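Working notes, beginning with the structure itself.
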Amino acid sequence: MSFIPITIEKYIKLHLRINPKENETELRKRLQEALTAYDKGIKCSCGNDIWVVGSVTAGHRCFTCITGESYPTGDYEIEGALDKLDKDGRRNINLMDPGFIGGIFDDDGNEINPDLIKKPSLCLTCLKNYQPGIEDEMLCNLNRYDQRNDDNFKCGAYEKL
């Protein structure tokens, strides 16, 4: 299970119902500050994105550093923070249930869709393009993705047709 998206207004109402002595103005201020920090790319000391809801009380820290858990199990997160993670239509491995993780991910933990990786012309003349093994296909996709912004594509596993 991953984060449950919630609007700022709904989170404030929920938080105040559970914590009736909390000052709404101060809570709103801290929540907006945490969301602004998230939008600016402020990271937890471990390098992960901060958890906005948790950062309201625990400072700029990620879900794992705040809770000690590896992934959220029905915990809330502000919609705006989740939108940033999904802006490219990719899921982030840090927010996925470990039982449902599959595929390939970039260095930031974002899922890579192999169908969207541009295939260089060199690949069209490679034997592995037409007779791929599962391992070859994954390695080729990772190599192409890694060099997606390079001017010249290089492949050490190339086998001419």
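If you're wondering about the labels, chains in the structure tokens are A, B, ... by order shown, residues count from 1 in each chain, ligands from 1 in order shown.
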
I'd like the contact shell of segment 34-36 of chain A - 9 Å cut-off, only C-alpha atoms, skipping same-chain residues fewer than 3 positions apart - returned as a PyMOL selection string.
chain A and resi 29-31+39-42+50-56+59-60+78+80-81

Compile the contact shell of Asp107 of chain A as a ChimeraX atom specification: residues with an atom at most 12 Å away, counting only C-alpha atoms, same-chain residues fewer than 4 positions apart removed.
/A:47-48,92-94,111-112,142,145-146

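Shortest separation to Ala37 of chain A among A:Arg61, A:Asn110, A:Gly133, A:Asn19 occurs at residue A:Arg61, atoms counted being only C-alpha atoms.
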
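You will find atom CA of Cys155 of chain A at 17.3 Å from atom CA of Pro114 of chain A.
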
Based on DSSP run over this structure's backbone, return all residues of segment 103-151 of chain A in strand (DSSP E), as a PyMOL selection string.
chain A and resi 104-105+111-112

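From atom CA of Pro120 of chain A back to atom CA of Glu135 of chain A, the distance works out to 19.0 Å.
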
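Using only C-alpha atoms, the smallest distance between any of A:Ile117, A:Ala58, A:Leu122, A:Ile6 and Asn152 of chain A comes from A:Leu122.
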